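Below is one structure, written out as structure tokens; comments come after it.
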Amino acid sequence: MKKINTLSRLVIRIGKDTLSFSVIDNDSENQIILEPYVVRSGISMAANLREAFTKSDLLMAGYEKVHAIVDSPVVLIPTAELNEGRKNEDDSDDENGDEGVASLLTDTYNHTISDAKNHVVLSHELPELGATALFSINKDLKLVVDDHFSDVRISPLMSSVWRYLYHRDFQSAARKLFVYRHEGMTDIFAYDHGRFKFANSYRTRTAADTAYFILAVWNQLGLDSKRDEIHLAGFDAEKDDLRTELSRFVETVVAINPSAEFNRAPITRIKGLPFDMMTLFVKK
């Protein structure tokens, strides 16, 4: 492997059953180096990552800074509401103010996501959206990351997608329902006056399943079939079937083409690169 700049920040994408490593490299053909890693199903993701440090060129290169992107359930709360909760903790007689805030976040998350056992609950602020995302990472997995890097950032997988499509929402006056498909999950979200109006995730298997949830949210939000729009990202094999199904009920269904969306940026030529990684690396 050619000599690379290890002062850059390495990106580790941790999916439900997938793992990859990447870093910006302006000298390479596609401007990033990407290493997909074959996950062994018989062991935990933490064990897979630990093993990867003995096999991956990027992981063995000596990076000190890392950005771990984690695909885990997310709870979105208004940042103003969170700050009020923090203020109340600070104003209380509790001497362990930081611990009190951490407990507040964990309790809020676990109350909503009931199966978050053996996980650490983290928060990720989305300033332009006025929201904070609570998400989780397996304790053992976080320990592996912390043990190998001195400068660690961790964020939910959807954060770069939310930020990017937030800007797309302003391209026309039509209200938009955004849908992102990745690894068996369908994320559906919408904005209103620069804030989240709706955001949820669904596990779907077929185009018909996906269309059902999209149209259920569409009706819940009271969107107009003539004036408003559905924007699809991350769909590959089922894209045409889904557009056909949705077009029976909604006049404007837009399938986002990464090459056109990102002005034919070299990164869009990388086969299998998820849309969430493109939105992370290609800046507005």
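Just remember, in the structure tokens the first chain shown is A, the second B, etc., residues are 1-based per chain, and ligands are 1-based in the order shown.
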
Note to self: I'd like the neighbourhood of stretch 124-126 of chain A as a PyMOL selection string, where a residue qualifies if any of its atoms comes within 8 Å (using only C-alpha atoms), though same-chain residues fewer than 3 positions away should be ignored.
What the structure shows: chain A and resi 79+129-135+155-156+159+163

message = Going by DSSP on the backbone, which residues of stretch 79-195 of chain A come out as alpha helix (DSSP H)? List them as JSON, numbers by chain.
response = {"A": [79, 80, 81, 82, 83, 84, 85, 86, 87, 88, 89, 90, 91, 97, 98, 99, 100, 101, 102, 103, 104, 105, 106, 107, 108, 109, 110, 111, 112, 139, 140, 141, 142, 143, 144, 145, 146, 147, 148, 159, 160, 161, 162, 163, 164, 165, 166, 167, 168]}

Limited to C-alpha atoms, could you put the picked residues into a file as a short mmCIF file (atom, residue, chain, number, x, y, z; two decimals), in the first residue's frame?
```cif
data_model
loop_
_atom_site.label_atom_id
_atom_site.label_comp_id
_atom_site.auth_asym_id
_atom_site.auth_seq_id
_atom_site.Cartn_x
_atom_site.Cartn_y
_atom_site.Cartn_z
CA THR A 79 -31.85 20.70 21.75
CA ALA A 80 -33.65 23.47 23.67
CA GLU A 81 -35.53 20.82 25.65
CA LEU A 82 -32.30 18.94 26.32
CA ASN A 83 -30.53 22.11 27.45
CA GLU A 84 -33.40 22.83 29.85
CA GLY A 85 -32.97 19.36 31.30
CA ARG A 86 -29.24 19.97 31.66
CA LYS A 87 -29.91 23.30 33.36
CA ASN A 88 -32.22 21.64 35.84
CA GLU A 89 -29.54 19.08 36.62
CA ASP A 90 -26.93 21.84 37.08
CA ASP A 91 -29.27 23.79 39.36
CA GLY A 97 -23.84 17.20 37.58
CA ASP A 98 -22.23 15.54 34.54
CA GLU A 99 -23.24 12.12 35.79
CA GLY A 100 -26.77 13.40 36.28
CA VAL A 101 -26.96 14.62 32.69
CA ALA A 102 -25.54 11.34 31.39
CA SER A 103 -28.13 9.46 33.43
CA LEU A 104 -30.88 11.70 32.03
CA LEU A 105 -29.81 10.94 28.45
CA THR A 106 -29.50 7.22 29.12
CA ASP A 107 -32.90 7.05 30.83
CA THR A 108 -34.52 8.97 27.96
CA TYR A 109 -32.97 6.67 25.36
CA ASN A 110 -33.65 3.41 27.19
CA HIS A 111 -37.24 4.43 27.82
CA THR A 112 -37.72 4.63 24.05
CA LYS A 139 -19.70 -1.08 25.22
CA ASP A 140 -17.14 -3.62 23.98
CA LEU A 141 -17.12 -2.05 20.52
CA LYS A 142 -16.53 1.42 21.96
CA LEU A 143 -13.72 0.04 24.11
CA VAL A 144 -11.96 -1.34 21.02
CA VAL A 145 -12.20 2.06 19.31
CA ASP A 146 -11.04 3.97 22.39
CA ASP A 147 -8.10 1.59 22.92
CA HIS A 148 -6.69 2.18 19.43
CA SER A 159 -26.38 12.47 10.77
CA SER A 160 -24.66 13.37 7.47
CA VAL A 161 -27.75 12.31 5.49
CA TRP A 162 -30.03 14.49 7.61
CA ARG A 163 -27.68 17.48 7.22
CA TYR A 164 -27.30 17.08 3.48
CA LEU A 165 -30.97 16.60 2.67
CA TYR A 166 -31.88 19.45 5.01
CA HIS A 167 -30.25 21.76 2.45
CA ARG A 168 -32.03 19.99 -0.39
#
```

Counting only C-alpha atoms, closest pick from A:Met45, A:Val11, A:Leu34, A:Leu221 relative to A:Arg153 is A:Val11

How many Å lie between atom CA of A:Arg175 and atom CA of A:Leu223, rounded to one decimal?
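Interatomic distance here is 7.4 Å.
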
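Of the residues under consideration (A:Arg248, A:Arg203, A:Arg227, A:His193), A:Arg248 shows the shortest atom-to-atom contact distance to A:Leu215 when counting only C-alpha atoms.
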
Can you pull out the residues contacting A:Lys226? Cut-off 9 Å, using only C-alpha atoms, and skip same-chain residues under 6 positions away; I want them as an MDAnalysis selection string. chainID A and resid 250:252

**OP:** Find, counting only C-alpha atoms, the residue in A:Thr206, A:Pro73, A:Ala211, A:Lys283 that gets nearest to A:Met158.
**Re:**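 Closest to A:Met158 of all the choices is A:Pro73.
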
- Query: Per DSSP on the backbone, what are the strand (DSSP E) residues of stretch 31-266 of chain A, as JSON, numbers by chain?
  - Reply: {"A": [32, 33, 34, 35, 36, 37, 65, 66, 67, 68, 69, 70, 75, 76, 77, 78, 119, 120, 121, 122, 123, 124, 125, 126, 131, 132, 133, 134, 135, 136, 137, 138, 151, 152, 153, 154, 155, 156, 176, 177, 178, 179, 180, 181, 182, 185, 186, 187, 188, 189, 190, 191, 192, 195, 196, 197, 198, 199, 200, 201, 202, 203, 229, 230, 231, 232, 233, 252, 253, 254, 255]}

_Contacts of A:Tyr191 within 9 Å, only C-alpha atoms, excl. fewer than 4 positions in-chain, as a VMD selection string_ = chain A and resid 129 166 169 175 to 178 195 to 199
